[in-house]
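Written below as structure tokens is the structure these notes are about.
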Amino acid sequence: MTTLTKPPSGSVLVRRPGPRELHPVRTHRRRRALELSLALAVPLLLVLLWQLAATRAWIDDRVYPAPSTILADGWDRAAAGNLWPDVWATLKRVLAGYAAGTAAGYALGLLMGSLSLVRAALEPLLDALYVVPKLALLPIFLNMFGLGEGPQVALVAATVFFFVWISTMSAVMSIPSGHRDAGQVFGASRWQMFRHVLLPASLPAVLVGARIAAGVAVLVIVASEQIAATDGLGHLIFDSRALFQNDVMFVGIVCVAVLGVLFSELIRFAGRLLTPWAPRDRGRGQS
């Protein structure tokens, strides 16, 4: 932190560098250590409080099992091989739907952001479809694809599509006109304009939308599996709740949370690799 010393009248103003300027690496490491400690301490404290409430009978442990019970049950199910089929069923649906939705959303967002006539033709329709709850589309996908993986994947793809489409179109439209003019002055072809102007300028915002879509994709597939699936984490949660197996239900919820966090962090990590020039939301130099 820089300090300013107020000088007497007629003297020179002295600016003294603080620890951040004198020792930037050390200051950054301390800051990151503090952030990491807080990120771990808050959920750990809540889990310990939950454990204490369950063991002291402040809450009904039949409805809200202690974290130790949930952990033991999850470990037993994983060791017996009963948990992984549901995890894999959910994961493959999320990955397939996410890949399809991201590809379609990025392609159409790029097209609509670049061509005003295409945007004028399609934006009102897509805006109307965007506000429709995506779970309301599940019966339509069931009629289209029948029972099986098709409706689940299509629902995830439809959900992801809108997030990526909106972020891509907005990112392309917000590119300064000077960037495009510079490309045209240098005689850039359409591919060169995309490769060296549109892609670098729009990719950071696109990846933010893709990271948001990753979390929403997990939410949607779990809700969908509770309605129209015979396996997956969503089905595990719903089925165990119906059988009053609340410990198993919480195992499924924890798995969903871990899956969502890992998926979102994977997209964040990919974004850092693909856009090293973009500002980082959690990185060096941030206070």
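Residue numbering restarts at 1 for every chain of the structure tokens, chains are lettered A, B, ... in their displayed order, and ligands are numbered from 1 as they appear.
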Exercise for the section: Might you pull out every residue within 7 Å of region 158-173 of chain A, with only C-alpha atoms counted and same-chain residues fewer than 6 positions away left off, and present them as number ranges by chain? Expected result: A: 98, 101-102, 104-106, 108-110, 112-114, 130, 134, 198, 202, 205-206, 209-210, 213, 217
Completion exercise
Of A:Gly215, A:Pro133, A:Gly234, A:Gly150, the one sitting nearest Ala96 (chain A) when using only C-alpha atoms is A:Gly150
Practice task
Quick one: pull the distance between CA of Ala99 (chain A) and CA of Ala154 (chain A), Å, one decimal.
Solution key: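 Here the two named atoms are 10.9 Å from each other.
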Need the shell around Pro151 (chain A): protein/DNA/RNA residues with any atom at most 7 Å away, counting only C-alpha atoms. Skip same-chain ones fewer than 4 positions apart. Format as a PDB file with N, CA, C and O atoms, in the first residue's frame?
ATOM      1  N   LEU A 138     -38.583 -30.933 -22.121  1.00  0.00           N
ATOM      2  CA  LEU A 138     -38.308 -32.360 -21.980  1.00  0.00           C
ATOM      3  C   LEU A 138     -39.386 -33.236 -22.619  1.00  0.00           C
ATOM      4  O   LEU A 138     -39.047 -34.210 -23.310  1.00  0.00           O
ATOM      5  N   PHE A 141     -38.714 -33.356 -26.315  1.00  0.00           N
ATOM      6  CA  PHE A 141     -37.567 -34.188 -26.654  1.00  0.00           C
ATOM      7  C   PHE A 141     -37.877 -35.678 -26.463  1.00  0.00           C
ATOM      8  O   PHE A 141     -37.357 -36.526 -27.198  1.00  0.00           O
ATOM      9  N   LEU A 142     -38.720 -36.001 -25.492  1.00  0.00           N
ATOM     10  CA  LEU A 142     -39.132 -37.395 -25.325  1.00  0.00           C
ATOM     11  C   LEU A 142     -39.939 -37.868 -26.525  1.00  0.00           C
ATOM     12  O   LEU A 142     -39.793 -39.014 -26.973  1.00  0.00           O
ATOM     13  N   PHE A 145     -37.150 -38.128 -29.470  1.00  0.00           N
ATOM     14  CA  PHE A 145     -36.083 -39.122 -29.386  1.00  0.00           C
ATOM     15  C   PHE A 145     -36.490 -40.399 -28.656  1.00  0.00           C
ATOM     16  O   PHE A 145     -35.727 -41.369 -28.667  1.00  0.00           O
ATOM     17  N   LEU A 155     -31.628 -31.933 -23.964  1.00  0.00           N
ATOM     18  CA  LEU A 155     -32.006 -30.911 -22.986  1.00  0.00           C
ATOM     19  C   LEU A 155     -30.779 -30.129 -22.516  1.00  0.00           C
ATOM     20  O   LEU A 155     -30.826 -28.895 -22.394  1.00  0.00           O
TER      21      LEU A 155
END
Exercise for the section: Name all residues at most 12 Å from Asp239 (chain A) (count only C-alpha atoms; drop same-chain ones fewer than 6 positions away) and give them as number ranges by chain. Expected result: A: 225-233, 245-246, 248-250, 252
Handout entry: CA of Ile212 (chain A) to CA of Phe263 (chain A), distance in Å rounded to a single decimal
Key = 10.4 Å
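Residue nearest Leu95 (chain A) within the list A:Arg211, A:Val156, A:Ser224, A:Ser264: A:Val156 [criterion: smallest interatomic distance, only C-alpha atoms].
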Problem - Straight-line distance linking CA of Asn82 (chain A) with CA of Ile253 (chain A), stated in Å to one decimal - result: 15.4 Å
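Between Val220 (chain A) and the residues A:Val261, A:Gly271, A:Ala157, A:Leu236, the shortest atom-to-atom distance, using only C-alpha atoms, involves A:Ala157.
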